[in-house]
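*Asks:* Input: one structure, supplied below.
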Amino acid sequence: MILIGQYDSPFVRRVAISLRLLGFGYQHDTRSVFADFEAMRRVNPLRRIPSLVLDDGEVLIDSAAILDWLDQSVGPERALIPVAGTERRQVMRRMALATGVIDKAGAAAYERLIRPEAYRWPEWIERCLTQAAGGLEALAAEQWPASTRLDQAEITTACMLRYLRIAVPELLPDGRYPSLDTLSTRCETRPEFSATCPADYAVPRGG
């Protein structure tokens with residue numbers, strides 16, 4: 001298998017961590033959606049990341065679809081998202097909050113870093129940051145018991161937190177969310193996380 005996309009995307013990173021956690025080997029294609037925009041078209045018509053090229057040549061696009069395939073491949077006992085019931089709804093809710101925070105923080109980062117300064121919309125940046133903060137507050141109110149087996153909500157939330165600390169650090173002032181700090185530390189010390197942690201982040205890419 002080939003995973004396409006750089007680890008500076010929290011969406012690519014959560015796929016990479018899941019692959020490693022579930023024991024899937026893969027090659028890493030580090031093409032960039034900025035530097036290699038046209039080359040991306042040959043893999044993904046949307047020119048987005050991540051994409052996962054399976055051994056038979058089939059290409060899976062979008063991190064949610066890739067994670068679903070991984071869970072289907074390993075079966076319900078090893079799946080990182082529970083297959084049904086209250087546990088599934090809880091994990092899906094936390095994942096939605098975490099990816100929503102990434103989207104909103106990323107929108108603010110794009111506005112600040114990509115759009116020419118004369119055309120930036122401060123009110124839009126503030127709105128996006130307010131939405132991201134709301135998601136963080138909701139996640140901080142959740143219970144995150146330490147366990148030896150990670151689920152996809154924990155993986156996605158930890159990837160989100162690492163991204164925010166570099167790209168939009170004002171959303172994570174020291175000590176504001178101790179439960180999320182604990183979750184982040186617990187995850188980032190694992191080999192699957194340390195092996196996929198980039199030096200820094202800019203803006204999120206992919207989905």
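Identifiers in this document derive from the order of the structure tokens: chains are assigned A, B, ..., residues are numbered from 1 separately in each chain, and ligands are numbered from 1 in order of occurrence.
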Counting only C-alpha atoms, which residues of region 48-75 of chain A sit at most 12 Å from some atom of region 19-34 of chain A, and what is each one's closest atom pair with its distance in Å to one decimal, listed by chain and rising residue number, as JSON lines?
*Replies:*
{"residue": "A:Arg48", "atom": "CA", "partner": "A:Val33", "partner_atom": "CA", "distance": 6.5}
{"residue": "A:Ile49", "atom": "CA", "partner": "A:Val33", "partner_atom": "CA", "distance": 7.3}
{"residue": "A:Pro50", "atom": "CA", "partner": "A:Val33", "partner_atom": "CA", "distance": 9.8}
{"residue": "A:Ser51", "atom": "CA", "partner": "A:Asp29", "partner_atom": "CA", "distance": 9.6}
{"residue": "A:Leu52", "atom": "CA", "partner": "A:Tyr26", "partner_atom": "CA", "distance": 9.2}
{"residue": "A:Val53", "atom": "CA", "partner": "A:Tyr26", "partner_atom": "CA", "distance": 9.4}
{"residue": "A:Leu54", "atom": "CA", "partner": "A:Tyr26", "partner_atom": "CA", "distance": 9.3}
{"residue": "A:Asp55", "atom": "CA", "partner": "A:Tyr26", "partner_atom": "CA", "distance": 9.7}
{"residue": "A:Ser63", "atom": "CA", "partner": "A:Leu19", "partner_atom": "CA", "distance": 11.6}
{"residue": "A:Ile66", "atom": "CA", "partner": "A:Leu19", "partner_atom": "CA", "distance": 9.7}
{"residue": "A:Leu67", "atom": "CA", "partner": "A:Leu19", "partner_atom": "CA", "distance": 8.8}
{"residue": "A:Asp68", "atom": "CA", "partner": "A:Leu19", "partner_atom": "CA", "distance": 11.7}
{"residue": "A:Trp69", "atom": "CA", "partner": "A:Leu19", "partner_atom": "CA", "distance": 10.8}
{"residue": "A:Leu70", "atom": "CA", "partner": "A:Leu19", "partner_atom": "CA", "distance": 7.6}
{"residue": "A:Asp71", "atom": "CA", "partner": "A:Leu22", "partner_atom": "CA", "distance": 9.0}
{"residue": "A:Gln72", "atom": "CA", "partner": "A:Leu22", "partner_atom": "CA", "distance": 11.7}
{"residue": "A:Ser73", "atom": "CA", "partner": "A:Leu22", "partner_atom": "CA", "distance": 9.8}
{"residue": "A:Val74", "atom": "CA", "partner": "A:Leu22", "partner_atom": "CA", "distance": 7.7}
{"residue": "A:Gly75", "atom": "CA", "partner": "A:Leu22", "partner_atom": "CA", "distance": 10.8}
*Asks:* Write the residues of the selection above to a file with N, CA and C atoms, as a tab-separated table (two decimals), in the first residue's frame.
*Replies:*
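Generated output (selection-v6.tsv):
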chain	number	residue	atom	x	y	z
A	48	ARG	N	-6.64	16.22	-3.41
A	48	ARG	CA	-6.59	16.34	-1.96
A	48	ARG	C	-5.85	15.14	-1.37
A	49	ILE	N	-5.50	15.28	-0.11
A	49	ILE	CA	-4.89	14.18	0.62
A	49	ILE	C	-5.70	13.97	1.90
A	50	PRO	N	-5.59	12.75	2.44
A	50	PRO	CA	-4.79	11.61	1.99
A	50	PRO	C	-5.49	10.79	0.91
A	51	SER	N	-4.67	10.04	0.20
A	51	SER	CA	-5.14	8.95	-0.65
A	51	SER	C	-4.37	7.70	-0.24
A	52	LEU	N	-5.03	6.56	-0.32
A	52	LEU	CA	-4.38	5.29	-0.02
A	52	LEU	C	-4.52	4.39	-1.23
A	53	VAL	N	-3.37	4.04	-1.83
A	53	VAL	CA	-3.37	3.14	-2.98
A	53	VAL	C	-3.22	1.71	-2.46
A	54	LEU	N	-4.24	0.90	-2.69
A	54	LEU	CA	-4.20	-0.48	-2.21
A	54	LEU	C	-3.31	-1.33	-3.10
A	55	ASP	N	-3.01	-2.52	-2.64
A	55	ASP	CA	-2.08	-3.39	-3.37
A	55	ASP	C	-2.61	-3.78	-4.74
A	63	SER	N	-9.88	10.68	4.32
A	63	SER	CA	-9.42	9.92	5.48
A	63	SER	C	-10.55	9.10	6.11
A	66	ILE	N	-10.92	5.93	4.19
A	66	ILE	CA	-9.77	5.05	4.43
A	66	ILE	C	-9.89	4.38	5.78
A	67	LEU	N	-10.25	5.15	6.81
A	67	LEU	CA	-10.40	4.58	8.15
A	67	LEU	C	-11.51	3.54	8.19
A	68	ASP	N	-12.58	3.77	7.45
A	68	ASP	CA	-13.67	2.79	7.38
A	68	ASP	C	-13.17	1.50	6.75
A	69	TRP	N	-12.36	1.61	5.68
A	69	TRP	CA	-11.82	0.41	5.03
A	69	TRP	C	-10.91	-0.34	5.99
A	70	LEU	N	-10.10	0.38	6.73
A	70	LEU	CA	-9.21	-0.28	7.69
A	70	LEU	C	-10.01	-1.07	8.73
A	71	ASP	N	-11.05	-0.46	9.27
A	71	ASP	CA	-11.87	-1.16	10.26
A	71	ASP	C	-12.57	-2.37	9.66
A	72	GLN	N	-13.05	-2.23	8.43
A	72	GLN	CA	-13.69	-3.37	7.76
A	72	GLN	C	-12.67	-4.49	7.54
A	73	SER	N	-11.43	-4.12	7.26
A	73	SER	CA	-10.40	-5.11	6.97
A	73	SER	C	-10.00	-5.92	8.19
A	74	VAL	N	-9.95	-5.27	9.35
A	74	VAL	CA	-9.49	-5.98	10.55
A	74	VAL	C	-10.62	-6.63	11.33
A	75	GLY	N	-11.86	-6.25	11.04
A	75	GLY	CA	-12.99	-6.86	11.72
A	75	GLY	C	-13.39	-6.13	13.00
*Asks:* Counting only C-alpha atoms, figure out which residue out of A:Cys128, A:Ile155, A:Leu164, A:Ala96 gets nearest to Val12 (chain A).
*Replies:* A:Ile155
*Asks:* For Ala158 (chain A), which residue out of A:Ile102, A:Leu172, A:Ala141, A:Cys187 is the nearest one, using only C-alpha atoms?
*Replies:*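 Closest to Ala158 (chain A) of all the choices is A:Cys187.
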*Asks:* DSSP says strand (DSSP E) for which residues of region 26-103 of chain A? Put them as a PyMOL selection string?
*Replies:* chain A and resi 27-29+51-53+59-61
